[in-house]
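Peer 1: I'd like to ask you about the structure that follows.
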Amino acid sequence: MGGDRIVILVRHGEDFSGYRGSWSSFGLTDLGRDQSRKTADFLAHLTIELIG
């Protein structure tokens with residue numbers, strides 16, 4: 001890729017309903033953790049494909 005840069009914006013997985021705001025200590029729901037793992041796996045594979 002040389003000097004090319006890619007920026008990927010990702011929203012975190014689902015958090016607890018009824019909570020709105022910035023950082024919290026509640027963490028993610030089980031579904032949110034699963035969503036985050038799937039996103040990480042996708043980005044890892046994408047990165048491997050892009051850099052060869």
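Each chain of the structure tokens is named A, B, ... in the order shown, its residues numbered from 1; ligands are numbered from 1 in display order.
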Pull the alpha helix (DSSP H) assignments for chain A out of DSSP run on the backbone, and list those residues as an MDAnalysis selection string.
Peer 2: chainID A and resid 30:51
Peer 1: Give me, as a PyMOL selection string, all polymer residues having an atom no more than 10 Å from segment 31-48 of chain A, counting only C-alpha atoms and skipping those fewer than 5 positions away in the same chain.
Peer 2: chain A and resi 6+8+10-16
Peer 1: For the residues in that selection, give me all heavy atoms as a PDB file, in the first residue's frame.
Peer 2:
ATOM      1  N   ILE A   6      -5.721   4.231   5.394  1.00  0.00           N
ATOM      2  CA  ILE A   6      -7.156   3.951   5.442  1.00  0.00           C
ATOM      3  C   ILE A   6      -7.632   4.240   6.856  1.00  0.00           C
ATOM      4  O   ILE A   6      -7.011   3.812   7.827  1.00  0.00           O
ATOM      5  CB  ILE A   6      -7.447   2.479   5.092  1.00  0.00           C
ATOM      6  CG1 ILE A   6      -7.045   2.187   3.657  1.00  0.00           C
ATOM      7  CG2 ILE A   6      -8.917   2.153   5.319  1.00  0.00           C
ATOM      8  CD1 ILE A   6      -7.176   0.742   3.264  1.00  0.00           C
ATOM      9  N   ILE A   8     -10.929   3.743   9.256  1.00  0.00           N
ATOM     10  CA  ILE A   8     -12.209   3.041   9.375  1.00  0.00           C
ATOM     11  C   ILE A   8     -12.851   3.467  10.691  1.00  0.00           C
ATOM     12  O   ILE A   8     -12.258   3.304  11.755  1.00  0.00           O
ATOM     13  CB  ILE A   8     -12.005   1.509   9.357  1.00  0.00           C
ATOM     14  CG1 ILE A   8     -11.335   1.096   8.046  1.00  0.00           C
ATOM     15  CG2 ILE A   8     -13.333   0.798   9.556  1.00  0.00           C
ATOM     16  CD1 ILE A   8     -10.924  -0.347   7.996  1.00  0.00           C
ATOM     17  N   VAL A  10     -15.733   2.935  13.395  1.00  0.00           N
ATOM     18  CA  VAL A  10     -16.564   1.824  13.847  1.00  0.00           C
ATOM     19  C   VAL A  10     -17.281   2.232  15.123  1.00  0.00           C
ATOM     20  O   VAL A  10     -16.667   2.741  16.051  1.00  0.00           O
ATOM     21  CB  VAL A  10     -15.696   0.574  14.133  1.00  0.00           C
ATOM     22  CG1 VAL A  10     -16.551  -0.571  14.641  1.00  0.00           C
ATOM     23  CG2 VAL A  10     -14.918   0.167  12.908  1.00  0.00           C
ATOM     24  N   ARG A  11     -18.569   1.983  15.155  1.00  0.00           N
ATOM     25  CA  ARG A  11     -19.338   2.198  16.379  1.00  0.00           C
ATOM     26  C   ARG A  11     -19.223   0.937  17.213  1.00  0.00           C
ATOM     27  O   ARG A  11     -19.242  -0.169  16.697  1.00  0.00           O
ATOM     28  CB  ARG A  11     -20.807   2.452  16.055  1.00  0.00           C
ATOM     29  CG  ARG A  11     -21.614   2.811  17.295  1.00  0.00           C
ATOM     30  CD  ARG A  11     -23.104   2.881  16.977  1.00  0.00           C
ATOM     31  NE  ARG A  11     -23.870   3.288  18.106  1.00  0.00           N
ATOM     32  CZ  ARG A  11     -24.176   2.515  19.142  1.00  0.00           C
ATOM     33  NH1 ARG A  11     -23.747   1.270  19.179  1.00  0.00           N
ATOM     34  NH2 ARG A  11     -24.907   2.956  20.133  1.00  0.00           N
ATOM     35  N   HIS A  12     -19.110   1.110  18.499  1.00  0.00           N
ATOM     36  CA  HIS A  12     -19.009  -0.058  19.380  1.00  0.00           C
ATOM     37  C   HIS A  12     -20.310  -0.858  19.345  1.00  0.00           C
ATOM     38  O   HIS A  12     -21.332  -0.389  18.852  1.00  0.00           O
ATOM     39  CB  HIS A  12     -18.681   0.357  20.811  1.00  0.00           C
ATOM     40  CG  HIS A  12     -19.745   1.198  21.447  1.00  0.00           C
ATOM     41  ND1 HIS A  12     -20.920   0.676  21.909  1.00  0.00           N
ATOM     42  CD2 HIS A  12     -19.797   2.512  21.686  1.00  0.00           C
ATOM     43  CE1 HIS A  12     -21.659   1.642  22.417  1.00  0.00           C
ATOM     44  NE2 HIS A  12     -21.000   2.775  22.280  1.00  0.00           N
ATOM     45  N   GLY A  13     -20.288  -2.052  19.878  1.00  0.00           N
ATOM     46  CA  GLY A  13     -21.477  -2.913  19.901  1.00  0.00           C
ATOM     47  C   GLY A  13     -22.551  -2.380  20.826  1.00  0.00           C
ATOM     48  O   GLY A  13     -22.389  -1.372  21.519  1.00  0.00           O
ATOM     49  N   GLU A  14     -23.650  -3.079  20.845  1.00  0.00           N
ATOM     50  CA  GLU A  14     -24.817  -2.676  21.634  1.00  0.00           C
ATOM     51  C   GLU A  14     -24.478  -2.567  23.119  1.00  0.00           C
ATOM     52  O   GLU A  14     -23.836  -3.432  23.689  1.00  0.00           O
ATOM     53  CB  GLU A  14     -25.928  -3.708  21.438  1.00  0.00           C
ATOM     54  CG  GLU A  14     -27.177  -3.414  22.233  1.00  0.00           C
ATOM     55  CD  GLU A  14     -28.234  -4.497  22.039  1.00  0.00           C
ATOM     56  OE1 GLU A  14     -28.071  -5.589  22.599  1.00  0.00           O
ATOM     57  OE2 GLU A  14     -29.189  -4.219  21.321  1.00  0.00           O
ATOM     58  N   ASP A  15     -24.928  -1.483  23.737  1.00  0.00           N
ATOM     59  CA  ASP A  15     -24.782  -1.358  25.178  1.00  0.00           C
ATOM     60  C   ASP A  15     -26.167  -1.413  25.817  1.00  0.00           C
ATOM     61  O   ASP A  15     -27.153  -1.692  25.152  1.00  0.00           O
ATOM     62  CB  ASP A  15     -24.013  -0.101  25.572  1.00  0.00           C
ATOM     63  CG  ASP A  15     -24.551   1.173  24.935  1.00  0.00           C
ATOM     64  OD1 ASP A  15     -25.667   1.120  24.380  1.00  0.00           O
ATOM     65  OD2 ASP A  15     -23.882   2.191  24.995  1.00  0.00           O
ATOM     66  N   PHE A  16     -26.229  -1.203  27.088  1.00  0.00           N
ATOM     67  CA  PHE A  16     -27.488  -1.358  27.807  1.00  0.00           C
ATOM     68  C   PHE A  16     -28.492  -0.276  27.434  1.00  0.00           C
ATOM     69  O   PHE A  16     -28.140   0.898  27.350  1.00  0.00           O
ATOM     70  CB  PHE A  16     -27.244  -1.352  29.316  1.00  0.00           C
ATOM     71  CG  PHE A  16     -26.502  -2.574  29.770  1.00  0.00           C
ATOM     72  CD1 PHE A  16     -25.136  -2.575  29.909  1.00  0.00           C
ATOM     73  CD2 PHE A  16     -27.200  -3.747  30.033  1.00  0.00           C
ATOM     74  CE1 PHE A  16     -24.452  -3.713  30.302  1.00  0.00           C
ATOM     75  CE2 PHE A  16     -26.533  -4.897  30.428  1.00  0.00           C
ATOM     76  CZ  PHE A  16     -25.159  -4.874  30.559  1.00  0.00           C
TER      77      PHE A  16
END
